[in-house]
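Okay, structure first, notes after.
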Amino acid sequence: MTAPATGAVRRRVTVRGTVQGVGFRPFVHRLATDLALAGFVSNTASGVLIEVEGPPDGVAAFCDRLAGEPPPLATVTGVGFEDLPVTGAESAFGIRPTDRSPGSTLLPPDTATCPDCLRELADPADRRHRHPFVTCTHCGPRFTIATGMPYDRAVTTMAGFPMCAACAREYGDPLDRRFHAQPVACPDCGPRLRLVPAPGSSGSSGSEVRPARDAEALASARALLAAGRIVAVKGLGGYHLACDATDTRAVDTLRTRKARGGKPFAVMCADLDDVRRIAELSASERAALTGTRRPIVLLRRRGEASGLAPGVCPGSPHLGVMLPYTPVHTLLFGLPGDPPGPRVLVMTSGNRSGEPIVTDDDEALTRLAGLADAWLAHDRPIASPCDDSLLRVRPDGTEQVLRRSRGYVPRPLRLPVPVRPALAVGGDLKNALCLGAGDQAWFGPHIGDMGDLATLEAARRAETHLRALTGVSPEVVAADRHPGYHSTRWAARLAGHVPVPVQHHHAHIASAMAEHGLDGTVPVIGVAFDGTGYGDDGTVWGGEILLADYTGFRRYAHLSPAPLPGGDAGVANPCRLALARLWAAGLPWDADLPCVTACAPGELAVLQRQLSGGLACVPTSSMGRLFDAVSSLVGVCHRAGYEAQAALELEAAAASAWDADGSAYTFADGLGPAPVLSALVADLRRGTPAAVLAARFHRAVARAVAEICRRARQDTGLVTVALSGGVFANALLEEECARLLTEDGFAVLRHGEVPPNDGGLALGQLVVAAHLRQKE
């Protein structure tokens with residue numbers, strides 16, 4: 001044992017945050033070595049443990065630099081210090097094995113291939129040239145390969161790939177970029193890529209096509225895409241279905257096979273130059289596209305000159321665009337010298353409509369049979385499905401996440417109030433779970449709509465995986481108040497009793513409050529606009545202005561209700577919603593109205609009997625359904641092939657006339673739509689273009705929101721407004737509401753990282769349930 005240095009000090013440092021799997025220990029090792037300090041660093045189940053010893057000024061400099069110079073993917077959320085007796089036990093600084101004591105730390109999300117790995121991928125002299133799984137501590141899979149914590153190779157899906165001698169040397173060298181990079185691999189140690197043709201495929205000789213491997217597999221997949229075929233491509237969190245986005249026949253074939261209706265496809269571009277050819281791109285949008293998360297970013301598409309097939313995004317002015325984020329994607333587009341292939345690919349989730357994304361290779365061959373012409377697969381298992389994230393960038397450069405999944409999960413959110421260990425299961429649409437404990441909450445990946453057994457099973461696996469990674473064992477389970485939701489019944493089975501029920505729109509507002517760090521001691525004016533939410537009176541709510549905190553809410557105002565003919569089934573028929581709204585407003589169904597001409601005479605007769613007799617007609621105050629109704633009333637969309645199609649097309653029409661017409665209609669008594677509907681009908685008869693009508697309607701809603709919030713401020717003194725619910729994915733409406741409210745002196749809370757739609761619902765459920773339990 002070395003004698004303690006004269007004047008030396010020893011300090012224990014505990015670091016919490018995203019500090020495993022990101023090169024934090026080698027960073028600590030380099031920092032301590034540069035400062036000539038002794039001691040050690042180790043991963044623990046709660047983060048990173050460091051003991052450092054040396055001259056007081058060196059130890060002080062080490063502690064100062066520790067949190068200020070972390071590796072690119074690290075996030076330090078807390079640093080603790082404790083002075084210890086000097087031991088003189090170490091002559092240098094070392095890295096110790098992981099301590100597996102109980103606790104929890106933060107696992108980083110999957111991240112896009114870093115520039116260093118991309119250079120190696122393209123370098124013929126590098127041993128990882130063209131290796132489809134090149135990665136290091138600064139990039140690659142984390143969440144989707146981890147099966148437990150602490151994060152080591154033995155608890156990832158890389159456990160089945162023994163490292164070759166060269167990879168093992170890199171893995172064990174603290175000075176190497178791949179030190180303890182758990183997914184580290186090379187062509188000698190795997191994983192392996194293969195192309196599996198659809199059954200019955202044959203070559204020119206007529207013989208059965210054999211599966212291709214690695215480089216041959218990629219070349220064959222690129223050739224298939226160039227020939228107009230559809231290829232299922234295994235990514236980080238599941239399969240995509242890919243085809244050439246400029247090939248009209250290929251796009252239409254994929255849309256037909258997947259029963260996609262008119263819902264837009266997302267595309268992946270080879271590089272930024274290809275993005276600029278198909279869409280307008282601001283500096284903020286470029287930053288979002290090229291960051292480590294690599295989400296799908298909604299961009300304003302260029303005209304017909306873009307070269308995209310018409311079927312990529314029919315009826316939408318926006319295009320969902322992403323860049324390659326894995327080596328497989330990069331190689332699929334090709335390196336210099338490769339035969340040319342498509343530069344823009346449709347990349348849509350690998351599933352059948354309504355089902356969860358496919359991750360298992362054998363399951364992909366059966367569930368995607370009939371959809372794909374070939375499968376570009378690999379043998380690294382996916383521990384957790386994780387769909388692509390989706391966002392839009394506002395004019396001020398801030399981001400609004402619409403689907404929070406790959407690149408974000410499982411990064412925690414800091415809670416403004418402490419919670420007991422709890423699970424919130426979200427809703428039945430755009431489902432995403434949320435676990436919370438103390439001051440942190442972890443969203444699970446996007447699951448989708450809880451409409452069948454496969455999706456419920458996906459939710460069950462996501463809950464189990466999230467618990468394993470966070471170490472949280474929930475004592476409280478929260479769910480939507482809707483008694484018929486699949487998620488609510490599942491929550492009851494998990495809890496073994498009735499879960500804590502949280503009203504849908506209260507959860508939306510609480511979600512916005514929690515994201516913005518409000519402690520709930522002062523209520524907010526909550527504007528919750530969406531398509532469907534179970535109301536306390538048993539009707540369908542969705543056009544709500546609430547006075548809310550975490551402990552409860554009061555319904556201050558709401559959209560005047562109208563019948564919802566056929567219940568949820570009626571949502572696919574905006575023309576019927578328009579007629580129901582006219583009926584509720586006492587306006588006639590004149591034969592010249594677009595929504596009337598869209599219906600057959602028999603359909604009109606049945607609908608008249610339904611409305612007159614109240615048959616299968618649930619009252620609804622939904623703002624989302626009002627947008628659908630107006631879309632049909634002005635002649636934009638009468639039948640919806642996918643969720644929110646009518647409202648999205650109405651927004652697109654309004655955007656095209658936004659700068660040309662600044663007038664607005666006026667609601668009665670806050671949110672009574674009868675005068676708006678009457679004015680729309682009058683303007684229709686004057687020949688006013690549908691786009692102008694749509695713009696005036698959007699402004700009418702925003703002005704009504706501002707007026708009601710002013711009244712609420714006069715009555716209560718509240719000055720903070722939270723905008724939440726799926727309707728606020730409408731960029732025009734959100735921007736106009738925020739502008740009017742801000743100009744009127746309100747503090748406006750808008751969603752950022754937490755989706756405004758039901759994908760963010762679970763966070764609100766979590767904080768509301770915590771407060772309800774505290775009151776008991």
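The way I read the labels, and the way they are meant: chains A, B, ... in the order of the structure tokens, residue 1 as the first residue of every chain, and ligand 1 as the first ligand shown, with later ones counted on from there.
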Secondary structure check, alpha helix (DSSP H) residues of range 9-195 of chain A, as a PyMOL selection string: chain A and resi 24-34+56-66+115-122+165-172
Counting only C-alpha atoms, which residues of range 633-723 of chain A sit at most 12 Å from some atom of range 523-530 of chain A, and what is each one's closest atom pair with its distance in Å to one decimal, listed by chain and rising residue number, as a tab-separated table?
```
residue	atom	partner	partner_atom	distance
A:Glu643	CA	A:Asp530	CA	11.9
A:Ala644	CA	A:Asp530	CA	10.2
A:Ala647	CA	A:Asp530	CA	11.1
A:Leu671	CA	A:Phe529	CA	12.0
A:Val701	CA	A:Phe529	CA	10.7
A:Ala702	CA	A:Val527	CA	10.9
A:Ala704	CA	A:Val527	CA	11.2
A:Val705	CA	A:Val527	CA	7.8
A:Ala706	CA	A:Val527	CA	10.2
A:Ile708	CA	A:Ile525	CA	9.7
A:Cys709	CA	A:Ile525	CA	7.0
A:Arg710	CA	A:Ile525	CA	10.0
A:Arg711	CA	A:Ile525	CA	10.6
A:Ala712	CA	A:Ile525	CA	7.4
A:Arg713	CA	A:Ile525	CA	8.3
A:Gln714	CA	A:Ile525	CA	11.8
A:Asp715	CA	A:Ile525	CA	11.3
A:Thr716	CA	A:Ile525	CA	9.5
A:Gly717	CA	A:Val524	CA	10.0
A:Leu718	CA	A:Val524	CA	6.4
A:Val719	CA	A:Val524	CA	7.3
A:Thr720	CA	A:Val524	CA	5.3
A:Val721	CA	A:Ile525	CA	4.7
A:Ala722	CA	A:Gly526	CA	4.8
A:Leu723	CA	A:Val527	CA	5.0
```
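In this comparison, which uses only C-alpha atoms, the residue of A:Thr290, A:Thr44, A:Ser284, A:Gln503 approaching Ala270 in chain A most closely is A:Thr290.
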Would you pick out the contacts of Leu469 in chain A at 12 Å or less, using only C-alpha atoms, so that residues sharing its chain but fewer than 6 positions from it are not included, and give the list as a PyMOL selection string? chain A and resi 45-46+103-109+142-151+155-156+383-384+409-412+435+442-444+462-463
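Picture a line from CA of Asp338 in chain A to CA of Val275 in chain A; it runs 20.7 Å.
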Residue nearest His446 in chain A - candidates A:Leu518, A:Leu241, A:Leu31, A:Val754, atoms counted: only C-alpha atoms: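 For His446 in chain A, the nearest of the given residues is A:Val754.
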